[in-house]
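S.K.: Please see the structure below; I have some questions.
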Amino acid sequence: MDASLCEVLREMEFEKKYTNDHVLQIALDRDSHYNIPEGYKVGGMELGFDLWKCQLVLHKGFDHEDEGLPQPLDPDTFVLAPHADGALKVFAMEETEYCAHCGLWYIKGETAYIEPVVTIPRCRGLGLGRAVIYEAISRAKKLGAKRAVALSQQEFYHRIGMEFSSEFCTWEPKAGNLL
């Protein structure tokens with residue numbers, strides 16, 4: 001958390017109400033080698049992109065399988081979010097199924113943003129999450145990024161080498177201070 005900004009907020013009679021999330025970071029000058037089990041491959045759009053398979057890995061990876069299948073997106077109207085770079089979307093595949101995914105946002109500058117990361121339940125614990133993140137950040141490094149960040153408090157990110165950087169907090173005016 002930015003200590004100077006926090007002091008200004010306190011002087012203006014704001015108080016920290018919630019810590020929404022932790023900002024974790026990983027330096028991209030480190031080794032980002034990964035191993036994957038036999039029968040899987042890791043890559044990006046060069047493996048081919050299938051919007052339905054992408055929807056399914058996100059749906060399953062966020063544990064929504066018990067809700068049935070998602071409503072298919074219309075490929076003619078599907079648009080990546082602003083600043084999303086399809087070249088930085090990385091998947092782990094087994095045969096033709098997407099089993100893990102890492103999205104990475106990077107425009108220019110020092111920082112890339114990791115979001116979202118999922119692994120389907122039957123493939124968790126195989127190293128696929130680490131593999132898709134490491135592949136995505138190595139691609140961002142080639143474009144000029146020096147670090148990557150993620151908003152999370154999950155232990156998984158610490159196990160792959162990410163460290164606490166700061167907190168993402170909500171500040172509100174103190175009671176009686178209506179500005």
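In the structure tokens, each chain is lettered A, B, ... as it comes, each chain's residues begin at 1, and ligands are numbered from 1 in order of appearance.
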As a ChimeraX atom specification, which residues of chain A does DSSP assign to strand (DSSP E or B)?
M.R.: /A:14-27,40-43,84,90-94,97-105,111-119,147-151,163-173
S.K.: At a cut-off of 7 Å, using only C-alpha atoms, what residues contact Thr19 (chain A)? Leave out same-chain residues fewer than 5 positions from it and give the result as a list of chain:residue names.
M.R.: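 Skipping anything fewer than 5 positions along the chain leaves A:Glu167, A:Phe168, A:Cys169, A:Thr170.
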S.K.: Take the residues from that selection and put them in a file with N, CA and C atoms, as a PDB file, in the first residue's frame.
M.R.:
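Below you can see selection34.pdb, which holds the result:
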ATOM      1  N   GLU A 167      -1.781  -3.826  -0.933  1.00  0.00           N
ATOM      2  CA  GLU A 167      -3.177  -4.180  -0.739  1.00  0.00           C
ATOM      3  C   GLU A 167      -4.046  -3.310  -1.621  1.00  0.00           C
ATOM      4  N   PHE A 168      -5.156  -3.853  -2.015  1.00  0.00           N
ATOM      5  CA  PHE A 168      -6.182  -3.125  -2.748  1.00  0.00           C
ATOM      6  C   PHE A 168      -7.284  -2.881  -1.732  1.00  0.00           C
ATOM      7  N   CYS A 169      -7.495  -1.622  -1.339  1.00  0.00           N
ATOM      8  CA  CYS A 169      -8.362  -1.308  -0.203  1.00  0.00           C
ATOM      9  C   CYS A 169      -9.503  -0.371  -0.584  1.00  0.00           C
ATOM     10  N   THR A 170     -10.517  -0.378   0.270  1.00  0.00           N
ATOM     11  CA  THR A 170     -11.624   0.567   0.169  1.00  0.00           C
ATOM     12  C   THR A 170     -11.507   1.549   1.327  1.00  0.00           C
TER      13      THR A 170
END
S.K.: Can you pull out the residues contacting Val118 (chain A)? Cut-off 7 Å, using only C-alpha atoms, and skip same-chain residues under 5 positions away; I want them as a list in words.
M.R.: Leu58, Gly61, Phe62, Ala100, His101, Cys102 and Gly129 of chain A
S.K.: Please write the residues from the selection above to a file, keeping N, CA and C atoms, as a CSV table (one decimal), in the first residue's frame.
M.R.:
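Just written: out_0.csv:
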chain,number,residue,atom,x,y,z
A,58,LEU,N,-13.2,-21.7,-18.8
A,58,LEU,CA,-13.5,-20.7,-17.8
A,58,LEU,C,-14.7,-21.2,-16.9
A,61,GLY,N,-13.4,-24.2,-14.9
A,61,GLY,CA,-12.3,-23.7,-14.0
A,61,GLY,C,-12.8,-22.9,-12.8
A,62,PHE,N,-13.9,-22.2,-13.0
A,62,PHE,CA,-14.5,-21.4,-11.9
A,62,PHE,C,-15.6,-22.2,-11.2
A,100,ALA,N,-6.5,-25.6,-19.0
A,100,ALA,CA,-6.1,-24.5,-18.1
A,100,ALA,C,-6.0,-23.2,-19.0
A,101,HIS,N,-6.1,-22.1,-18.4
A,101,HIS,CA,-6.1,-20.8,-19.1
A,101,HIS,C,-5.4,-19.7,-18.3
A,102,CYS,N,-4.6,-18.9,-18.9
A,102,CYS,CA,-4.1,-17.7,-18.3
A,102,CYS,C,-4.4,-16.5,-19.3
A,129,GLY,N,-1.6,-24.8,-14.2
A,129,GLY,CA,-1.8,-23.4,-13.8
A,129,GLY,C,-0.4,-22.7,-13.9
S.K.: Could you produce a table of the residues of region 71-128 of chain A lying within 8 Å of region 37-41 of chain A, with the nearest pair of atoms per residue and their separation in Å rounded to one decimal, using only C-alpha atoms, ordered by chain and increasing residue number, as JSON lines?
M.R.:
{"residue": "A:Ala92", "atom": "CA", "partner": "A:Lys41", "partner_atom": "CA", "distance": 5.6}
{"residue": "A:Met93", "atom": "CA", "partner": "A:Lys41", "partner_atom": "CA", "distance": 5.3}
{"residue": "A:Glu94", "atom": "CA", "partner": "A:Tyr40", "partner_atom": "CA", "distance": 4.6}
{"residue": "A:Glu95", "atom": "CA", "partner": "A:Tyr40", "partner_atom": "CA", "distance": 7.1}
{"residue": "A:Leu126", "atom": "CA", "partner": "A:Pro37", "partner_atom": "CA", "distance": 6.9}
{"residue": "A:Gly127", "atom": "CA", "partner": "A:Pro37", "partner_atom": "CA", "distance": 7.9}
S.K.: Have a look at CA of Trp105 (chain A) and CA of Lys142 (chain A) and let me know their distance in Å, one decimal.
M.R.: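 Answer for the CA of Trp105 (chain A) to CA of Lys142 (chain A) separation: 13.8 Å.
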S.K.: List as a count of residues only the protein and nucleic acid residues near Glu15 (chain A), meaning an atom at most 6 Å away when only C-alpha atoms are counted, but skip any in the same chain fewer than 4 places from it.
M.R.: 3
S.K.: I want to know what sits within 9 Å of Tyr34 (chain A), based on only C-alpha atoms, with residues of the same chain fewer than 5 positions away left out; could you give that as a ChimeraX atom specification?
M.R.: /A:127-128,130-132,134-135
S.K.: Extract the full set of alpha helix (DSSP H) residues from chain A according to DSSP on the backbone, and format it as a PyMOL selection string.
M.R.: chain A and resi 3-11+51-61+128-142+155-159
S.K.: Compare A:His158, A:Lys108, A:Arg122, A:Lys17 by their minimum atom-to-atom distance to Leu143 (chain A), counting only C-alpha atoms, and give me the closest one.
M.R.: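 Smallest distance to Leu143 (chain A) is found for A:Lys108.
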S.K.: A:Lys53, A:Arg10, A:His22, A:Lys146: which is nearest Tyr98 (chain A), counting only C-alpha atoms?
M.R.: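 Among A:Lys53, A:Arg10, A:His22, A:Lys146, it is A:Lys53 that comes nearest to Tyr98 (chain A).
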S.K.: If you count only C-alpha atoms, which residues fall within 8 Å of Leu69 (chain A), apart from same-chain ones fewer than 2 positions away, as a compact mmCIF listing (two decimals) with C-alpha atoms, in the first residue's frame?
M.R.:
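New file part26.txt:
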# COMPACT_ATOMS: atom_id res chain seq x y z
CA LEU A 56 -15.88 -24.11 -21.26
CA HIS A 59 -16.91 -22.20 -16.85
CA GLU A 65 -20.12 -27.34 -13.98
CA GLU A 67 -24.97 -25.19 -13.33
CA GLN A 71 -24.89 -19.89 -23.11
S.K.: Using Å and a single decimal, report how far CA of Ala136 (chain A) sits from CA of Asp76 (chain A).
M.R.: 26.2 Å
S.K.: Excluding Gly44 (chain A) and any residue of its chain fewer than 2 positions from it, enumerate the residues within 9 Å of it, using only C-alpha atoms, and give them as a CSV table (one decimal) with N, CA and C atoms, in the first residue's frame.
M.R.:
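To be explicit, this is the file written out as part13.csv:
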chain,number,residue,atom,x,y,z
A,42,VAL,N,1.2,-26.6,-24.2
A,42,VAL,CA,0.9,-25.3,-23.7
A,42,VAL,C,1.2,-24.3,-24.9
A,46,GLU,N,-1.5,-19.7,-31.5
A,46,GLU,CA,-0.8,-20.5,-32.5
A,46,GLU,C,-1.4,-21.9,-32.4
A,47,LEU,N,-2.0,-22.3,-31.3
A,47,LEU,CA,-2.6,-23.7,-31.2
A,47,LEU,C,-4.0,-23.7,-31.8
A,48,GLY,N,-4.4,-22.5,-32.2
A,48,GLY,CA,-5.8,-22.3,-32.7
A,48,GLY,C,-6.7,-21.8,-31.6
A,49,PHE,N,-7.7,-21.1,-31.9
A,49,PHE,CA,-8.5,-20.5,-30.8
A,49,PHE,C,-9.9,-20.9,-31.1
A,86,GLY,N,-5.0,-10.9,-27.5
A,86,GLY,CA,-5.2,-12.4,-27.8
A,86,GLY,C,-3.9,-13.1,-27.8
A,87,ALA,N,-2.8,-12.5,-28.2
A,87,ALA,CA,-1.5,-13.2,-28.3
A,87,ALA,C,-1.0,-13.6,-26.9
A,88,LEU,N,-1.5,-13.0,-25.9
A,88,LEU,CA,-1.1,-13.3,-24.5
A,88,LEU,C,-2.1,-14.2,-23.8
A,89,LYS,N,-3.1,-14.7,-24.5
A,89,LYS,CA,-4.0,-15.7,-23.9
A,89,LYS,C,-3.3,-17.1,-24.1
A,90,VAL,N,-3.1,-17.8,-23.0
A,90,VAL,CA,-2.4,-19.0,-23.1
A,90,VAL,C,-3.2,-20.1,-22.5
A,91,PHE,N,-3.2,-21.3,-23.2
A,91,PHE,CA,-4.0,-22.5,-22.8
A,91,PHE,C,-3.1,-23.7,-22.6
A,92,ALA,N,-3.5,-24.6,-21.7
A,92,ALA,CA,-2.9,-25.9,-21.6
A,92,ALA,C,-4.0,-26.8,-22.2
A,135,GLU,N,4.2,-19.3,-19.1
A,135,GLU,CA,4.2,-19.1,-20.6
A,135,GLU,C,3.7,-17.7,-20.9
A,136,ALA,N,2.6,-17.2,-20.3
A,136,ALA,CA,2.1,-15.9,-20.5
A,136,ALA,C,3.1,-14.8,-20.1
S.K.: Counting only C-alpha atoms, figure out which residue out of A:Val149, A:Met45, A:Gln25, A:Lys141 gets nearest to Pro116 (chain A).
M.R.: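 Of A:Val149, A:Met45, A:Gln25, A:Lys141, the one nearest Pro116 (chain A), counting only C-alpha atoms, is A:Val149.
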S.K.: Could you state the separation of CA of Ala140 (chain A) and CA of Val117 (chain A) in Å, given to one decimal place?
M.R.: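 Spanning CA of Ala140 (chain A) to CA of Val117 (chain A) is a straight-line distance of 15.5 Å.
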